file model.txt (compact mmCIF, C-alpha atoms)
# COMPACT_ATOMS: atom_id res chain seq x y z
CA MET F 1 -63.98 -167.85 63.05
CA GLU F 2 -66.91 -169.65 64.65
CA PHE F 3 -67.23 -169.41 68.43
CA TYR F 4 -68.80 -172.08 70.63
CA PHE F 5 -69.72 -171.82 74.31
CA ALA F 6 -68.54 -174.91 76.18
CA PRO F 7 -70.93 -176.76 78.48
CA MET F 8 -70.28 -176.10 82.15
CA GLU F 9 -72.20 -178.39 84.48
CA GLY F 10 -74.43 -176.49 86.90
CA ILE F 11 -73.71 -173.12 85.30
CA THR F 12 -74.56 -172.79 81.61
CA GLY F 13 -78.18 -173.96 81.74
CA TYR F 14 -80.99 -172.29 79.87
CA ILE F 15 -81.31 -169.34 82.28
CA TYR F 16 -77.65 -168.46 81.83
CA ARG F 17 -77.74 -169.07 78.06
CA ASN F 18 -80.73 -166.79 77.58
CA ALA F 19 -79.16 -163.96 79.54
CA HIS F 20 -75.80 -164.33 77.81
CA HIS F 21 -77.36 -164.49 74.34
CA ARG F 22 -79.44 -161.39 75.12
CA PHE F 23 -76.65 -159.15 76.40
CA PHE F 24 -73.54 -160.62 74.73
CA PRO F 25 -74.56 -161.93 71.28
CA GLY F 26 -72.12 -163.50 68.85
CA ILE F 27 -71.93 -167.16 69.90
CA ASP F 28 -72.44 -169.59 67.01
CA LYS F 29 -73.34 -172.59 69.19
CA TYR F 30 -74.11 -173.14 72.86
CA PHE F 31 -73.51 -176.70 74.05
CA THR F 32 -75.73 -177.85 76.89
CA PRO F 33 -74.43 -179.41 80.10
CA PHE F 34 -74.49 -183.14 79.54
CA LEU F 35 -77.67 -185.18 79.48
CA SER F 36 -77.40 -188.66 81.02
CA PRO F 37 -79.82 -191.14 79.45
CA ASN F 38 -80.26 -194.57 81.03
CA GLN F 39 -82.25 -197.75 80.55
CA ASN F 40 -85.42 -196.18 81.96
CA ARG F 41 -85.59 -192.86 80.15
CA ALA F 42 -83.77 -190.70 77.63
CA LEU F 43 -84.22 -187.40 79.45
CA ASN F 44 -85.10 -186.65 83.05
CA PRO F 45 -87.40 -183.68 83.87
CA LYS F 46 -84.46 -181.36 84.59
CA ASP F 47 -82.76 -182.27 81.30
CA ARG F 48 -86.00 -181.83 79.39
CA LYS F 49 -86.59 -178.38 80.86
CA ASP F 50 -83.09 -177.29 79.89
CA ILE F 51 -83.43 -178.28 76.22
CA LEU F 52 -87.07 -177.31 75.63
CA PRO F 53 -87.20 -175.10 72.50
CA GLU F 54 -89.44 -172.61 74.32
CA ASN F 55 -86.68 -172.15 76.91
CA ASN F 56 -84.07 -171.49 74.21
CA ARG F 57 -85.83 -169.30 71.65
CA GLY F 58 -83.47 -167.99 68.98
CA ILE F 59 -80.43 -169.60 70.61
CA PRO F 60 -78.31 -172.08 68.61
CA ILE F 61 -78.24 -175.12 70.91
CA VAL F 62 -76.42 -178.46 70.69
CA PRO F 63 -77.48 -180.97 73.36
CA GLN F 64 -74.57 -182.93 74.79
CA ILE F 65 -75.01 -186.60 75.75
CA LEU F 66 -72.94 -188.48 78.34
CA THR F 67 -73.13 -192.25 78.00
CA ASN F 68 -71.15 -195.32 76.94
CA LYS F 69 -74.22 -197.30 75.93
CA PRO F 70 -75.10 -197.02 72.23
CA GLU F 71 -78.75 -197.87 72.84
CA HIS F 72 -79.05 -195.04 75.39
CA PHE F 73 -77.39 -192.59 73.02
CA ILE F 74 -79.63 -193.62 70.12
CA ARG F 75 -82.76 -193.31 72.24
CA ALA F 76 -81.81 -189.83 73.47
CA ALA F 77 -80.79 -188.63 70.00
CA LYS F 78 -84.07 -189.89 68.55
CA GLU F 79 -86.13 -188.10 71.19
CA LEU F 80 -84.15 -184.89 70.78
CA LYS F 81 -84.77 -184.98 67.03
CA GLU F 82 -88.36 -186.16 66.85
CA ASP F 83 -89.81 -184.42 69.90
CA TYR F 84 -87.73 -181.22 70.01
CA GLY F 85 -86.36 -180.71 66.49
CA TYR F 86 -82.63 -180.92 67.22
CA ARG F 87 -80.44 -181.70 64.22
CA GLU F 88 -77.13 -182.21 66.04
CA VAL F 89 -76.11 -183.92 69.26
CA ASN F 90 -72.70 -184.01 70.89
CA LEU F 91 -71.01 -186.97 72.60
CA ASN F 92 -69.09 -186.13 75.77
CA LEU F 93 -65.71 -187.88 75.78
CA GLY F 94 -64.06 -185.11 77.76
CA CYS F 95 -65.44 -184.96 81.30
CA PRO F 96 -62.50 -185.77 83.63
CA SER F 97 -64.56 -186.17 86.82
CA GLY F 98 -63.51 -189.22 88.82
CA THR F 99 -67.14 -190.23 89.36
CA VAL F 100 -67.86 -190.11 85.63
CA VAL F 101 -64.59 -191.76 84.60
CA SER F 102 -65.04 -194.62 87.07
CA LYS F 103 -68.21 -195.57 85.17
CA GLY F 104 -66.35 -195.62 81.86
CA LYS F 105 -68.07 -192.45 80.63
CA GLY F 106 -66.75 -189.06 79.54
CA ALA F 107 -62.98 -189.19 79.23
CA GLY F 108 -63.12 -192.62 80.86
CA PHE F 109 -64.61 -194.07 77.67
CA LEU F 110 -61.27 -193.38 75.95
CA ALA F 111 -59.72 -196.23 77.95
CA ASP F 112 -61.69 -198.88 76.05
CA LEU F 113 -61.07 -198.38 72.34
CA LYS F 114 -62.75 -201.61 71.29
CA ALA F 115 -65.95 -200.58 73.03
CA LEU F 116 -65.66 -197.03 71.66
CA ASP F 117 -65.31 -198.32 68.10
CA ALA F 118 -68.33 -200.60 68.53
CA PHE F 119 -70.29 -197.71 70.04
CA PHE F 120 -69.63 -195.49 67.02
CA GLU F 121 -70.41 -198.27 64.57
CA GLN F 122 -73.86 -198.73 66.08
CA VAL F 123 -74.83 -195.11 66.68
CA PHE F 124 -73.78 -193.93 63.24
CA SER F 125 -75.78 -196.71 61.61
CA GLU F 126 -78.92 -196.05 63.68
CA THR F 127 -78.94 -192.29 64.30
CA GLU F 128 -80.34 -189.72 61.88
CA VAL F 129 -78.93 -186.52 63.39
CA LYS F 130 -75.45 -185.06 63.09
CA ILE F 131 -73.08 -186.35 65.74
CA SER F 132 -70.22 -184.20 66.97
CA VAL F 133 -67.72 -185.24 69.62
CA LYS F 134 -65.99 -183.33 72.41
CA THR F 135 -62.92 -185.25 73.50
CA ARG F 136 -59.76 -185.27 75.53
CA ILE F 137 -56.63 -186.86 74.07
CA GLY F 138 -56.38 -189.83 76.43
CA ILE F 139 -56.30 -190.93 80.03
CA ALA F 140 -52.66 -190.53 81.07
CA SER F 141 -50.49 -189.87 78.01
CA PRO F 142 -50.81 -187.77 74.82
CA GLU F 143 -49.55 -190.79 72.83
CA GLU F 144 -52.91 -192.44 73.51
CA PHE F 145 -54.52 -190.04 71.07
CA TYR F 146 -53.07 -191.67 67.94
CA PRO F 147 -55.25 -194.82 68.07
CA ILE F 148 -58.19 -192.78 69.37
CA LEU F 149 -57.98 -190.49 66.34
CA GLU F 150 -57.84 -193.53 64.06
CA ILE F 151 -61.21 -194.58 65.43
CA PHE F 152 -62.65 -191.08 65.00
CA ASN F 153 -61.46 -191.08 61.39
CA ARG F 154 -63.57 -194.15 60.59
CA TYR F 155 -66.82 -192.29 61.18
CA PRO F 156 -68.53 -189.17 59.75
CA ILE F 157 -68.24 -187.05 62.88
CA SER F 158 -69.69 -183.63 62.05
CA GLU F 159 -67.16 -181.84 64.27
CA LEU F 160 -64.37 -183.03 66.53
CA VAL F 161 -63.91 -180.65 69.46
CA ILE F 162 -60.50 -181.38 70.93
CA HIS F 163 -59.47 -180.38 74.44
CA PRO F 164 -55.79 -181.38 74.27
CA ARG F 165 -55.35 -182.53 77.85
CA VAL F 166 -55.45 -186.07 79.19
CA GLN F 167 -58.01 -187.03 81.80
CA LYS F 168 -55.47 -187.10 84.62
CA ASP F 169 -54.59 -183.45 83.92
CA PHE F 170 -58.11 -182.37 84.85
CA TYR F 171 -57.61 -178.61 84.21
CA LYS F 172 -53.97 -178.45 85.30
CA ASN F 173 -50.87 -178.29 83.11
CA ARG F 174 -50.91 -176.64 79.71
CA PRO F 175 -52.98 -177.99 76.81
CA ASN F 176 -50.86 -180.13 74.51
CA ARG F 177 -50.83 -177.98 71.38
CA LYS F 178 -48.56 -180.49 69.63
CA SER F 179 -51.24 -183.16 69.85
CA PHE F 180 -53.85 -180.72 68.59
CA SER F 181 -51.61 -179.68 65.71
CA GLU F 182 -51.18 -183.27 64.60
CA ALA F 183 -54.90 -183.94 64.93
CA ALA F 184 -55.75 -180.85 62.89
CA VAL F 185 -53.70 -182.32 60.03
CA LYS F 186 -54.64 -185.99 60.39
CA SER F 187 -58.32 -185.71 61.25
CA ARG F 188 -60.68 -186.56 58.40
CA ASN F 189 -63.40 -184.63 60.21
CA PRO F 190 -63.59 -180.88 60.91
CA VAL F 191 -61.81 -179.91 64.12
CA CYS F 192 -62.51 -177.31 66.76
CA TYR F 193 -60.05 -176.24 69.47
CA ASN F 194 -60.91 -176.01 73.17
CA GLY F 195 -58.63 -175.15 76.07
CA ASP F 196 -57.14 -172.21 78.00
CA ILE F 197 -58.09 -169.27 75.80
CA PHE F 198 -58.70 -166.66 78.47
CA THR F 199 -57.48 -163.36 77.02
CA LEU F 200 -57.17 -161.55 73.71
CA GLN F 201 -53.45 -162.26 73.84
CA ASP F 202 -54.16 -165.99 74.24
CA TYR F 203 -56.45 -165.81 71.23
CA ARG F 204 -53.92 -163.89 69.15
CA GLU F 205 -51.23 -166.47 69.87
CA PHE F 206 -53.59 -169.29 68.98
CA ARG F 207 -54.53 -167.69 65.67
CA LYS F 208 -50.88 -167.16 64.85
CA GLU F 209 -50.10 -170.81 65.57
CA PHE F 210 -53.21 -172.25 63.88
CA PRO F 211 -54.35 -169.85 61.14
CA ALA F 212 -56.31 -172.57 59.33
CA VAL F 213 -58.47 -173.52 62.32
CA GLU F 214 -61.83 -171.78 62.03
CA LYS F 215 -63.70 -173.09 65.07
CA ILE F 216 -62.94 -172.50 68.72
CA MET F 217 -64.79 -173.44 71.90
CA LEU F 218 -64.50 -171.18 74.93
CA GLY F 219 -65.50 -172.08 78.47
CA ARG F 220 -63.92 -170.54 81.54
CA GLY F 221 -62.70 -167.58 79.48
CA LEU F 222 -66.28 -166.72 78.54
CA LEU F 223 -67.56 -167.21 82.08
CA ALA F 224 -64.87 -164.84 83.33
CA ASN F 225 -65.59 -162.28 80.62
CA PRO F 226 -69.07 -162.67 79.09
CA ALA F 227 -68.12 -160.14 76.39
CA PHE F 228 -64.98 -162.04 75.37
CA VAL F 229 -66.20 -162.99 71.88
CA GLN F 230 -67.36 -159.45 71.21
CA GLU F 231 -63.93 -158.16 72.20
CA ILE F 232 -62.25 -160.69 69.90
CA LYS F 233 -64.41 -159.64 66.97
CA GLU F 234 -63.82 -155.94 67.63
CA TRP F 235 -60.08 -156.54 67.73
CA GLU F 236 -60.11 -158.53 64.48
CA GLU F 237 -62.20 -155.88 62.73
CA SER F 238 -59.91 -153.09 63.94
CA GLY F 239 -56.92 -154.41 61.99
CA ASN F 240 -54.70 -153.72 64.99
CA PRO F 241 -51.89 -156.32 65.04
CA TRP F 242 -51.82 -156.25 68.83
CA PRO F 243 -54.87 -156.77 71.03
CA ALA F 244 -55.39 -153.79 73.28
CA GLY F 245 -57.66 -155.62 75.68
CA GLY F 246 -61.09 -154.38 76.59
CA ARG F 247 -63.46 -153.92 79.47
CA VAL F 248 -67.03 -155.11 79.72
CA ASP F 249 -69.49 -152.23 79.64
CA LYS F 250 -70.55 -151.73 83.25
CA GLU F 251 -74.23 -151.14 82.56
CA THR F 252 -74.44 -154.17 80.29
CA LEU F 253 -72.81 -156.29 82.98
CA ARG F 254 -75.24 -154.89 85.55
CA ALA F 255 -78.23 -155.76 83.34
CA PHE F 256 -76.81 -159.24 82.72
CA HIS F 257 -76.29 -159.79 86.43
CA ASN F 258 -79.73 -158.48 87.36
CA ARG F 259 -81.50 -160.72 84.88
CA LEU F 260 -79.65 -163.79 86.17
CA TYR F 261 -80.33 -162.79 89.77
CA THR F 262 -84.05 -162.27 89.13
CA GLU F 263 -84.58 -165.50 87.20
CA TYR F 264 -82.54 -167.64 89.57
CA LYS F 265 -84.50 -166.16 92.47
CA GLU F 266 -87.72 -167.29 90.79
CA THR F 267 -86.50 -170.83 90.13
CA LEU F 268 -84.20 -171.70 93.05
CA SER F 269 -85.47 -172.65 96.47
CA GLY F 270 -84.43 -170.22 99.19
CA ASP F 271 -81.93 -167.39 99.58
CA LYS F 272 -79.10 -169.77 100.44
CA ASN F 273 -79.26 -171.50 97.05
CA LEU F 274 -79.50 -168.18 95.23
CA LEU F 275 -76.49 -166.85 97.13
CA PHE F 276 -74.48 -169.97 96.28
CA LYS F 277 -75.40 -169.70 92.59
CA MET F 278 -74.44 -166.04 92.31
CA LYS F 279 -71.17 -166.55 94.17
CA GLU F 280 -70.37 -169.39 91.77
CA LEU F 281 -70.79 -167.02 88.81
CA TRP F 282 -68.71 -164.29 90.45
CA SER F 283 -65.92 -166.77 91.15
CA TYR F 284 -65.25 -166.34 87.42
CA MET F 285 -66.48 -162.78 86.71
CA VAL F 286 -64.87 -161.05 89.69
CA ASN F 287 -61.63 -160.84 87.73
CA LEU F 288 -63.25 -158.14 85.58
CA SER F 289 -62.46 -155.76 88.44
CA ASP F 290 -58.96 -154.43 89.00
CA CYS F 291 -59.54 -154.99 92.72
CA HIS F 292 -60.88 -158.49 92.30
CA GLU F 293 -59.08 -160.00 95.29
CA LYS F 294 -60.61 -157.50 97.71
CA TYR F 295 -64.12 -157.95 96.35
CA TRP F 296 -63.88 -161.72 96.15
CA LYS F 297 -62.84 -161.95 99.80
CA LYS F 298 -65.86 -159.87 100.75
CA MET F 299 -68.20 -161.82 98.51
CA LYS F 300 -67.13 -165.18 99.89
CA LYS F 301 -67.96 -163.94 103.39
CA ALA F 302 -71.40 -162.57 102.42
CA ALA F 303 -73.92 -164.43 104.58
CA ASN F 304 -77.13 -163.01 103.16
CA LEU F 305 -78.50 -161.39 100.02
CA GLN F 306 -78.38 -157.87 101.43
CA ASP F 307 -74.64 -158.14 102.04
CA TYR F 308 -74.19 -159.73 98.63
CA ASN F 309 -76.11 -156.99 96.81
CA GLU F 310 -74.13 -154.24 98.55
CA ILE F 311 -70.85 -155.88 97.53
CA VAL F 312 -71.96 -156.27 93.91
CA GLU F 313 -73.11 -152.65 93.74
CA SER F 314 -69.78 -151.51 95.17
CA LEU F 315 -67.87 -153.68 92.68
CA LEU F 316 -69.86 -152.39 89.70
CA SER F 317 -69.55 -148.79 90.84
CA TYR F 318 -65.79 -149.20 91.02
CA MET F 319 -65.69 -150.37 87.39
CA ASP F 320 -65.85 -146.85 85.91

call {"tool": "encode", "arguments": {"input": "model.txt", "output": "structure tokens"}}
result
Amino acid sequence: MEFYFAPMEGITGYIYRNAHHRFFPGIDKYFTPFLSPNQNRALNPKDRKDILPENNRGIPIVPQILTNKPEHFIRAAKELKEDYGYREVNLNLGCPSGTVVSKGKGAGFLADLKALDAFFEQVFSETEVKISVKTRIGIASPEEFYPILEIFNRYPISELVIHPRVQKDFYKNRPNRKSFSEAAVKSRNPVCYNGDIFTLQDYREFRKEFPAVEKIMLGRGLLANPAFVQEIKEWEESGNPWPAGGRVDKETLRAFHNRLYTEYKETLSGDKNLLFKMKELWSYMVNLSDCHEKYWKKMKKAANLQDYNEIVESLLSYMD
């Protein structure tokens, strides 16, 4: 099985990727938060800093591009290849944000199949890097995915990462495994699954249902448990038919946290922004503690870094 780390806007930038890769190795590809090229430039300074090879040494990176303009995509892909050495780029057809969708980008691009087909025709004829796609299955109904998949099948997409929800689901309701199952059979391109794999039991059930699928993308499950892929691999190697569940090593989690804290402190402006960033991370990771509700209530109320650090130390000390 190959494991991919999903892009999470505002969270999984190069600082996070470096720390995760250092303390929790085992990810086959990290996908960057989306880059948004326009008519004036392919990459803005923030985007460029995030994808610079020197900021991602030894980390397998796939830049993700958000656009519905073929000329913008081609320009960004060319710069990523020629200036930074990237051999694969990913098209975002999955973002469900209302702001993005209203511009016909992300999942919103799935509403205009004629334009999508024309987009692919141009970018595949004028782009020299591999192009993978991360997609939802439609805007409002799973039945929309049949003609969408027909378009995908016309082009040599290197990998089709399918999040089997429609745009209007956002992250509610259950992923439509039936749609994914049909796509796994009918797709002419390699498929990767993405959606609601949070625990070893979730992973076991997925493997039982889709034994032939060899690529999986994890997002919120990995943010909640940075060691999730390591636990999966340990379970598979153990030969145990039932996942026992694991616990992140406390000292490794402490080192991971401290590196993030230190590097964010050096790059973010002011204690308030650092506090917001660390609380955002703990909104996922706090569930590693058996008393997560108590600690999360305290953490949300923390008004300064001293209070925050005391709460984190208490939480980590409890995790014996």

call {"tool": "atom_distance", "arguments": {"input": "model.txt", "atom1": "CA of Phe228 (chain F)", "atom2": "CA of Phe170 (chain F)"}}
result
23.5 Å

call {"tool": "residues_near_point", "arguments": {"input": "model.txt", "point": "(-62.8, -163.9, 62.0)", "cutoff": "9 Å", "atoms": "only C-alpha atoms", "output": "JSON list (two decimals) with C-alpha atoms, keeping the file's coordinate frame"}}
result
[["chain", "number", "residue", "atom", "x", "y", "z"],
["F", 1, "MET", "CA", -63.98, -167.85, 63.05],
["F", 2, "GLU", "CA", -66.91, -169.65, 64.65],
["F", 214, "GLU", "CA", -61.83, -171.78, 62.03],
["F", 232, "ILE", "CA", -62.25, -160.69, 69.90],
["F", 233, "LYS", "CA", -64.41, -159.64, 66.97],
["F", 236, "GLU", "CA", -60.11, -158.53, 64.48],
["F", 237, "GLU", "CA", -62.20, -155.88, 62.73]]

call {"tool": "atom_distance", "arguments": {"input": "model.txt", "atom1": "CA of Asn194 (chain F)", "atom2": "CA of Leu160 (chain F)"}}
result
10.3 Å

call {"tool": "closest_atom_pairs", "arguments": {"input": "model.txt", "of": "region 111-198 of chain F", "to": "region 100-103 of chain F", "cutoff": "12 Å", "atoms": "all atoms listed in the file", "output": "JSON lines"}}
result
{"residue": "F:Ala111", "atom": "CA", "partner": "F:Val101", "partner_atom": "CA", "distance": 9.4}
{"residue": "F:Asp112", "atom": "CA", "partner": "F:Val101", "partner_atom": "CA", "distance": 11.5}
{"residue": "F:Gly138", "atom": "CA", "partner": "F:Val101", "partner_atom": "CA", "distance": 11.7}
{"residue": "F:Ile139", "atom": "CA", "partner": "F:Val101", "partner_atom": "CA", "distance": 9.5}
{"residue": "F:Gln167", "atom": "CA", "partner": "F:Val101", "partner_atom": "CA", "distance": 8.6}
{"residue": "F:Lys168", "atom": "CA", "partner": "F:Val101", "partner_atom": "CA", "distance": 10.2}
{"residue": "F:Phe170", "atom": "CA", "partner": "F:Val101", "partner_atom": "CA", "distance": 11.4}

call {"tool": "write_last_selection", "arguments": {"input": "model.txt", "atoms": "C-alpha atoms", "output": "short mmCIF file (atom, residue, chain, number, x, y, z; two decimals), in the frame of the given file"}}
result
data_model
loop_
_atom_site.label_atom_id
_atom_site.label_comp_id
_atom_site.auth_asym_id
_atom_site.auth_seq_id
_atom_site.Cartn_x
_atom_site.Cartn_y
_atom_site.Cartn_z
CA ALA F 111 -59.72 -196.23 77.95
CA ASP F 112 -61.69 -198.88 76.05
CA GLY F 138 -56.38 -189.83 76.43
CA ILE F 139 -56.30 -190.93 80.03
CA GLN F 167 -58.01 -187.03 81.80
CA LYS F 168 -55.47 -187.10 84.62
CA PHE F 170 -58.11 -182.37 84.85
#

call {"tool": "residues_around", "arguments": {"input": "model.txt", "residues": "region 173-176 of chain F", "least_positions_apart": "4", "cutoff": "7 Å", "atoms": "all atoms listed in the file", "output": "PyMOL selection string"}}
result
chain F and resi 164-165+169+180+195

call {"tool": "closest_residue", "arguments": {"input": "model.txt", "among": "F:Asn309, F:Thr262, F:Thr67, F:Asn56", "to": "Tyr84 (chain F)", "atoms": "all atoms listed in the file"}}
result
F:Asn56

call {"tool": "residues_near_point", "arguments": {"input": "model.txt", "point": "(-62.7, -161.7, 72.9)", "cutoff": "12 Å", "atoms": "only C-alpha atoms", "output": "PyMOL selection string"}}
result
chain F and resi 1+3+24-27+197-204+216-218+221-237+243-248

call {"tool": "atom_distance", "arguments": {"input": "model.txt", "atom1": "CA of Phe119 (chain F)", "atom2": "CA of Ser132 (chain F)"}}
result
13.9 Å
